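For reference, final.txt is printed below; it contains compact mmCIF, C-alpha atoms.
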# COMPACT_ATOMS: atom_id res chain seq x y z
CA MET A 11 16.47 -21.77 34.07
CA PRO A 12 13.57 -21.89 31.57
CA MET A 13 14.06 -23.11 28.03
CA LEU A 14 15.49 -20.43 25.74
CA ASN A 15 13.20 -20.46 22.69
CA ILE A 16 15.02 -18.82 19.79
CA ILE A 17 13.26 -17.98 16.52
CA ALA A 18 16.11 -17.63 14.02
CA ASN A 19 16.34 -16.42 10.44
CA LEU A 20 19.50 -18.06 9.12
CA LYS A 21 19.39 -15.97 5.93
CA SER A 22 19.41 -12.62 7.70
CA GLY A 23 22.34 -10.29 7.18
CA LYS A 24 23.86 -12.11 4.18
CA GLY A 25 24.52 -15.20 6.26
CA ARG A 26 25.17 -13.42 9.53
CA GLY A 27 22.13 -15.19 10.94
CA MET A 28 23.72 -18.60 10.38
CA LYS A 29 27.02 -17.51 11.96
CA ASN A 30 25.27 -16.02 14.98
CA VAL A 31 23.14 -19.12 15.54
CA ARG A 32 26.32 -21.17 15.70
CA LYS A 33 27.88 -18.75 18.19
CA VAL A 34 24.77 -18.75 20.38
CA ALA A 35 24.45 -22.54 20.27
CA GLU A 36 28.11 -23.02 21.19
CA TYR A 37 27.78 -20.57 24.08
CA CYS A 38 24.70 -22.32 25.44
CA LEU A 39 26.15 -25.81 25.10
CA LYS A 40 29.34 -24.90 26.96
CA ARG A 41 27.32 -23.48 29.85
CA ASN A 42 24.55 -26.10 29.92
CA ILE A 43 21.92 -23.48 29.09
CA PRO A 44 18.78 -25.20 27.76
CA TYR A 45 17.73 -23.81 24.40
CA SER A 46 15.51 -24.70 21.46
CA LEU A 47 16.04 -23.37 17.94
CA HIS A 48 13.06 -22.64 15.71
CA ILE A 49 14.35 -21.94 12.20
CA THR A 50 12.29 -19.89 9.74
CA ASN A 51 11.96 -21.25 6.21
CA LYS A 52 9.63 -18.82 4.43
CA PRO A 53 8.24 -15.28 4.68
CA GLY A 54 5.79 -15.06 7.57
CA HIS A 55 7.12 -18.21 9.24
CA ALA A 56 8.51 -16.27 12.22
CA THR A 57 4.99 -15.00 12.89
CA GLU A 58 3.64 -18.56 12.90
CA LEU A 59 6.40 -19.79 15.20
CA ALA A 60 5.92 -16.91 17.64
CA ALA A 61 2.17 -17.54 17.78
CA ALA A 62 2.69 -21.20 18.65
CA LEU A 63 5.30 -20.43 21.31
CA THR A 64 3.37 -17.65 23.08
CA GLU A 65 -0.15 -19.03 23.32
CA HIS A 66 0.17 -18.73 27.09
CA GLY A 67 2.90 -16.10 27.21
CA GLY A 68 6.49 -16.92 28.10
CA GLU A 69 9.93 -15.84 26.90
CA ILE A 70 11.10 -15.89 23.30
CA VAL A 71 14.15 -14.57 21.48
CA ALA A 72 14.24 -13.31 17.89
CA LEU A 73 17.52 -13.73 16.00
CA GLY A 74 17.56 -11.86 12.72
CA GLY A 75 17.08 -8.39 11.31
CA ASP A 76 14.33 -5.79 11.57
CA GLY A 77 12.06 -7.85 9.31
CA THR A 78 12.37 -10.91 11.52
CA PHE A 79 11.69 -8.83 14.63
CA HIS A 80 8.60 -7.39 12.92
CA GLU A 81 7.27 -10.85 12.11
CA VAL A 82 7.90 -12.18 15.61
CA LEU A 83 6.21 -9.18 17.25
CA ASN A 84 3.13 -9.72 15.10
CA GLY A 85 2.96 -13.39 16.00
CA ILE A 86 2.94 -12.99 19.77
CA ALA A 87 -0.37 -14.42 20.93
CA ASP A 88 -0.39 -13.30 24.57
CA ILE A 89 1.63 -10.11 24.44
CA GLU A 90 0.75 -9.09 28.00
CA HIS A 91 2.54 -12.14 29.39
CA THR A 92 5.38 -12.49 26.88
CA THR A 93 8.95 -11.19 27.08
CA LEU A 94 10.77 -10.70 23.76
CA GLY A 95 14.54 -10.60 23.40
CA PHE A 96 16.56 -9.56 20.37
CA ILE A 97 19.81 -10.91 18.94
CA PRO A 98 20.63 -8.64 15.97
CA SER A 99 21.79 -10.41 12.83
CA GLY A 100 20.53 -8.15 10.07
CA ARG A 101 22.20 -5.55 7.89
CA GLY A 102 20.39 -2.43 9.04
CA ASN A 103 19.66 -3.28 12.69
CA ASP A 104 17.84 0.03 13.13
CA PHE A 105 15.55 -1.05 15.95
CA VAL A 106 18.21 -2.60 18.15
CA ARG A 107 20.35 0.52 17.85
CA ALA A 108 17.45 2.55 19.23
CA ALA A 109 16.94 -0.03 21.98
CA GLY A 110 20.60 0.09 22.94
CA CYS A 111 21.14 -3.62 22.27
CA SER A 112 24.65 -4.80 21.57
CA LEU A 113 25.31 -5.71 17.95
CA ASP A 114 27.51 -8.53 19.24
CA PRO A 115 25.34 -11.68 19.44
CA ILE A 116 26.93 -13.03 22.62
CA ARG A 117 26.67 -9.75 24.50
CA ALA A 118 23.04 -9.48 23.38
CA LEU A 119 22.45 -13.04 24.59
CA GLU A 120 24.06 -12.29 27.96
CA ASP A 121 21.72 -9.32 28.43
CA ILE A 122 18.79 -11.67 27.82
CA LEU A 123 20.11 -14.34 30.18
CA ARG A 124 20.49 -11.80 32.97
CA GLY A 125 16.69 -11.66 32.95
CA GLU A 126 16.10 -8.01 33.83
CA THR A 127 13.10 -6.63 31.94
CA ARG A 128 11.56 -3.32 30.97
CA ASN A 129 8.53 -2.27 28.97
CA ILE A 130 8.74 -0.30 25.74
CA ASP A 131 6.13 1.10 23.38
CA TYR A 132 5.13 -0.17 19.97
CA ILE A 133 2.89 1.21 17.22
CA ASP A 134 -0.51 -0.27 16.40
CA VAL A 135 -1.23 0.28 12.70
CA ASN A 136 -4.80 -0.87 12.15
CA GLY A 137 -4.14 -3.98 14.20
CA THR A 138 -0.67 -4.68 12.82
CA ARG A 139 2.21 -4.10 15.23
CA CYS A 140 5.26 -2.01 14.37
CA LEU A 141 8.41 -1.83 16.50
CA ASN A 142 10.40 0.97 14.99
CA VAL A 143 9.24 3.19 12.11
CA CYS A 144 6.34 3.13 9.67
CA GLY A 145 5.46 5.54 6.91
CA THR A 146 4.70 6.25 3.30
CA GLY A 147 6.31 8.12 0.45
CA LEU A 148 9.99 8.07 -0.36
CA ASP A 149 10.77 5.30 2.12
CA VAL A 150 8.44 2.89 0.32
CA LYS A 151 9.84 3.80 -3.09
CA VAL A 152 13.37 3.17 -1.85
CA LEU A 153 12.44 -0.17 -0.29
CA GLU A 154 10.93 -1.28 -3.59
CA LEU A 155 14.25 -0.58 -5.30
CA VAL A 156 16.44 -1.98 -2.55
CA ALA A 157 14.57 -5.31 -2.54
CA GLY A 158 16.06 -6.61 0.68
CA LYS A 159 19.52 -5.01 0.37
CA THR A 160 19.09 -3.03 3.57
CA ASN A 161 22.65 -1.92 4.27
CA LYS A 162 23.14 1.85 4.26
CA ILE A 163 25.07 2.03 0.96
CA SER A 164 22.34 0.20 -0.97
CA TYR A 165 19.73 2.38 0.69
CA LEU A 166 21.58 5.60 -0.20
CA ILE A 167 22.06 4.61 -3.84
CA SER A 168 18.35 3.84 -4.15
CA LEU A 169 17.50 7.04 -2.28
CA VAL A 170 19.42 9.15 -4.79
CA ASN A 171 17.77 7.36 -7.72
CA CYS A 172 14.32 7.93 -6.23
CA LEU A 173 14.89 11.61 -5.52
CA ARG A 174 15.94 12.27 -9.11
CA LYS A 175 12.51 11.31 -10.43
CA PHE A 176 10.27 11.48 -7.39
CA ASP A 177 6.64 12.57 -7.77
CA PRO A 178 5.36 14.09 -4.50
CA TYR A 179 2.70 12.28 -2.50
CA HIS A 180 -0.53 14.14 -1.81
CA LEU A 181 -1.43 13.27 1.79
CA THR A 182 -3.70 14.46 4.56
CA VAL A 183 -2.38 14.11 8.10
CA LYS A 184 -4.81 14.21 11.02
CA VAL A 185 -2.94 14.72 14.28
CA ASN A 186 -3.58 16.39 17.65
CA GLY A 187 -7.06 17.50 16.60
CA GLU A 188 -5.87 19.25 13.44
CA GLU A 189 -5.88 18.35 9.75
CA HIS A 190 -2.96 19.18 7.44
CA THR A 191 -2.66 18.59 3.70
CA TYR A 192 0.72 18.19 2.04
CA ASP A 193 2.47 17.56 -1.22
CA CYS A 194 5.31 15.76 0.43
CA ILE A 195 8.36 13.59 0.08
CA MET A 196 7.40 11.34 2.97
CA VAL A 197 5.56 10.93 6.26
CA GLY A 198 7.26 8.85 8.94
CA VAL A 199 5.62 7.69 12.17
CA CYS A 200 8.37 6.86 14.63
CA ASN A 201 8.78 4.89 17.80
CA GLY A 202 12.50 4.41 17.15
CA VAL A 203 15.09 6.80 15.78
CA ALA A 204 16.37 5.50 12.46
CA PHE A 205 15.64 3.49 9.34
CA GLY A 206 17.46 2.51 6.16
CA GLY A 207 20.66 1.43 7.92
CA ASN A 208 20.88 4.15 10.59
CA ILE A 209 19.47 7.16 8.74
CA ARG A 210 18.20 9.13 11.73
CA LEU A 211 14.70 10.11 10.65
CA SER A 212 13.54 11.08 14.15
CA PRO A 213 16.63 11.84 16.27
CA THR A 214 14.68 12.65 19.45
CA SER A 215 12.44 9.56 19.53
CA VAL A 216 12.46 7.44 22.69
CA LEU A 217 11.13 3.88 22.80
CA ASP A 218 9.44 4.18 26.19
CA ASP A 219 8.11 7.76 26.32
CA GLY A 220 4.52 6.77 25.48
CA LYS A 221 4.50 9.01 22.40
CA LEU A 222 4.81 8.83 18.62
CA ASP A 223 6.96 11.24 16.63
CA VAL A 224 5.50 12.13 13.24
CA ILE A 225 7.95 13.56 10.71
CA VAL A 226 6.54 15.20 7.58
CA MET A 227 8.90 16.32 4.84
CA SER A 228 7.15 18.51 2.27
CA THR A 229 8.35 19.14 -1.26
CA PRO A 230 10.70 22.17 -1.44
CA SER A 231 9.02 25.23 -2.94
CA ASP A 232 11.60 25.35 -5.73
CA GLY A 233 11.06 21.67 -6.47
CA LYS A 234 14.73 20.82 -5.91
CA ILE A 235 14.34 17.72 -3.79
CA MET A 236 17.97 16.61 -4.17
CA LYS A 237 19.24 19.57 -2.15
CA VAL A 238 17.71 18.17 1.06
CA LEU A 239 19.57 14.86 0.73
CA PRO A 240 22.78 15.73 2.64
CA LYS A 241 20.94 16.91 5.73
CA PHE A 242 18.46 14.05 5.56
CA VAL A 243 21.20 11.42 5.47
CA LYS A 244 22.99 13.05 8.42
CA GLY A 245 19.80 13.33 10.48
CA LYS A 246 19.98 17.13 10.37
CA HIS A 247 16.78 17.69 8.41
CA MET A 248 14.72 18.65 11.46
CA ASP A 249 15.66 22.33 11.13
CA LEU A 250 14.67 22.54 7.46
CA GLU A 251 11.62 24.63 6.56
CA ILE A 252 10.11 21.66 4.75
CA THR A 253 10.17 19.48 7.90
CA GLU A 254 7.32 19.38 10.41
CA HIS A 255 7.46 17.40 13.65
CA PHE A 256 4.42 16.36 15.66
CA VAL A 257 4.43 14.51 18.98
CA CYS A 258 1.21 12.59 19.57
CA ASP A 259 -0.62 9.51 20.83
CA GLU A 260 -2.16 8.72 17.45
CA VAL A 261 -2.11 9.91 13.86
CA HIS A 262 -4.16 9.21 10.74
CA VAL A 263 -2.57 9.61 7.31
CA GLU A 264 -4.92 9.61 4.33
CA GLY A 265 -3.67 8.76 0.86
CA ASP A 266 -3.98 5.89 -1.58
CA TYR A 267 -0.39 4.69 -1.40
CA PRO A 268 1.46 1.64 -0.09
CA ILE A 269 3.04 1.95 3.34
CA GLU A 270 5.93 0.31 5.16
CA LEU A 271 6.21 -1.03 8.69
CA ASP A 272 9.71 -1.86 9.96
CA GLY A 273 10.87 -2.05 6.35
CA GLU A 274 8.08 -4.42 5.26
CA ILE A 275 5.77 -3.11 2.51
CA TYR A 276 1.99 -3.30 2.95
CA ARG A 277 -0.21 -2.44 -0.03
CA ASN A 278 -3.65 -2.81 1.54
CA LEU A 279 -3.19 -1.20 4.95
CA SER A 280 -3.93 2.42 5.84
CA LEU A 281 -1.52 4.43 7.95
CA ASP A 282 -3.73 4.84 11.03
CA CYS A 283 -1.36 4.65 13.98
CA LYS A 284 -1.61 4.76 17.74
CA VAL A 285 1.02 4.20 20.38
CA VAL A 286 0.65 1.21 22.68
CA LYS A 287 2.31 2.57 25.79
CA GLY A 288 4.59 0.06 27.48
CA GLY A 289 2.93 -2.68 25.46
CA LEU A 290 6.00 -4.86 24.93
CA ARG A 291 8.15 -6.38 27.66
CA THR A 292 11.76 -6.84 26.65
CA TYR A 293 15.14 -7.22 28.31
CA VAL A 294 17.26 -4.53 29.95
CA VAL A 295 20.61 -3.99 28.23
CA LYS A 296 23.81 -3.06 30.03

Encoding of this model in structure tokens:
Amino acid sequence: MPMLNIIANLKSGKGRGMKNVRKVAEYCLKRNIPYSLHITNKPGHATELAAALTEHGGEIVALGGDGTFHEVLNGIADIEHTTLGFIPSGRGNDFVRAAGCSLDPIRALEDILRGETRNIDYIDVNGTRCLNVCGTGLDVKVLELVAGKTNKISYLISLVNCLRKFDPYHLTVKVNGEEHTYDCIMVGVCNGVAFGGNIRLSPTSVLDDGKLDVIVMSTPSDGKIMKVLPKFVKGKHMDLEITEHFVCDEVHVEGDYPIELDGEIYRNLSLDCKVVKGGLRTYVVK
């Protein structure tokens, strides 16, 4: 069998990354499975490692959280001939939930070793790749407060604090040949279902349907933003009057605000998104 190249973030998930690397290594050693560990040691390092390992395609595995997966995806040099596997070791694990991956590292590894593949979509945001969800507005404000504490409780506490003093974003959304202007809480462009530790922003999203789901949440007419929180947290906000849902191939969001891709904040990137249909080969999960 080919060498199992694993890009691992040992610091992911409050040390879960370190524990899972040990479990994976022990499993491979007992079964004489050839593997090579590539340990990240700084922000952006996973991107560098992925680029070096995929110059001519091949198979790589990312062990970490959503941020690690985001870095690895953006490092893949020959994406057409690369297969990417995921061993979740983060705190939120939003992407792998959407992908159906096991949260158990050994079961996730066994899915990879079985070798069955499928193609899923990803989002191209002005040349930067996004696996799961990107957007602007409340999600960015919360991420700035959370500062890496991406479990759901930390996210919810920061979410409440943001909503109490949130100033609406003035944004223009160009989608499906139409232009819409909003004073809004947030705009999310979704390939996956959830963010923020399984807050289901786009409950109907599918990773391989060749479409993006755009969720716009406008400011309530009475200005009482806090009242939408319970439904938002439960993923039941889609039936609110303030929520609009577009299904599209591409979307352009105009506004001078920072954005986030897979939980990573970008301050000099515009939210111009298009779906790359079936652009990423990954492993079938059982």

Draw an axis-aligned box tight on the listed atoms of stretch 187-205 of chain A, then pad every side by 3 Å and write out centre and edge lengths in Å to one decimal as JSON.
{"center_x": 4.7, "center_y": 11.4, "center_z": 8.3, "size_x": 29.4, "size_y": 21.8, "size_z": 25.0}

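For the choices A:Val199, A:Glu120, A:Ala87, A:Val71, the atom-to-atom distance to A:Tyr37 is smallest for A:Glu120 when using all atoms listed in the file.
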
Neighbour list for A:Leu250 as a PyMOL selection string, cut-off 12 Å, all atoms listed in the file, skip fewer than 5 positions in-chain: chain A and resi 225-230+237-242+245+255

If you keep C-alpha atoms, can you produce a file of those selected residues as a compact mmCIF listing (two decimals), in the frame of the given file?
# COMPACT_ATOMS: atom_id res chain seq x y z
CA ILE A 225 7.95 13.56 10.71
CA VAL A 226 6.54 15.20 7.58
CA MET A 227 8.90 16.32 4.84
CA SER A 228 7.15 18.51 2.27
CA THR A 229 8.35 19.14 -1.26
CA PRO A 230 10.70 22.17 -1.44
CA LYS A 237 19.24 19.57 -2.15
CA VAL A 238 17.71 18.17 1.06
CA LEU A 239 19.57 14.86 0.73
CA PRO A 240 22.78 15.73 2.64
CA LYS A 241 20.94 16.91 5.73
CA PHE A 242 18.46 14.05 5.56
CA GLY A 245 19.80 13.33 10.48
CA HIS A 255 7.46 17.40 13.65

Straight-line distance linking atom CA of A:Leu155 with atom CA of A:Val261, stated in Å to one decimal: 27.3 Å

Please return as a PDB file with C-alpha atoms, in the coordinates of the input every residue within 8 Å of (-0.2, -8.8, 11.6), taking into account all atoms listed in the file and the file's own coordinates.
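Done, and the output landed in part-v1.pdb:
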ATOM      1  CA  GLU A  81       7.270 -10.850  12.110  1.00  0.00           C
ATOM      2  CA  ASN A  84       3.130  -9.720  15.100  1.00  0.00           C
ATOM      3  CA  GLY A  85       2.960 -13.390  16.000  1.00  0.00           C
ATOM      4  CA  GLY A 137      -4.140  -3.980  14.200  1.00  0.00           C
ATOM      5  CA  THR A 138      -0.670  -4.680  12.820  1.00  0.00           C
ATOM      6  CA  ARG A 139       2.210  -4.100  15.230  1.00  0.00           C
TER       7      ARG A 139
END

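Among the candidate residues A:Thr292, A:Ser112, A:Thr182, A:Thr146, the one lying nearest to A:Leu217 is A:Thr292, with distances computed using only C-alpha atoms.
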
Between atom CA of A:Ile163 and atom CA of A:Glu274 - distance in Å to one decimal: 18.7 Å

Given all atoms listed in the file as the counted atoms, nearest of A:Ile235, A:Ile49, A:Leu141, A:Asp134 to A:Ser280: A:Asp134

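Candidate residues A:Ala118, A:Ile252, A:Val82, A:Ala108 were compared for distance to A:Ile130, and the nearest is A:Ala108, using all atoms listed in the file.
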
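By chain and then residue number, the residues within 8 Å of stretch 143-145 of chain A are Cys140, Leu141, Gly147, Asp149, Val150, Met196, Val197, Gly198, Val199, Cys200, Asn201, Gly202, Val203, Ala204, Phe205, Ile269, Glu270, Leu271, Asp272, Gly273 and Leu281 of chain A, counting only C-alpha atoms and disregarding those fewer than 2 positions away in sequence.
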
Closest of A:Lys24, A:Ile17, A:Val216, A:Thr78 to A:Thr64 - atom-to-atom distances counting all atoms listed in the file: A:Ile17

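Those residues that approach A:Leu63 to within 10 Å, counting all atoms listed in the file, are Asn15, Ile16, Ile17, His48, Glu58, Leu59, Ala60, His66, Gly67, Gly68, Glu69, Ile70, Gly85, Ile86, Ala87, Asp88 and Thr92 of chain A; same-chain residues fewer than 3 positions away are not listed.
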
Residue list as a ChimeraX atom specification for point (21.2, -3.7, 24.5), cut-off 12 Å, only C-alpha atoms: /A:95-98,103,105-122,124,126-128,292-296

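Minimum atom-to-atom distances from A:Gly75, A:Gly289, A:Gly125, A:Gly207 to A:Asn19 were compared using only C-alpha atoms, and the lowest value belongs to A:Gly75.
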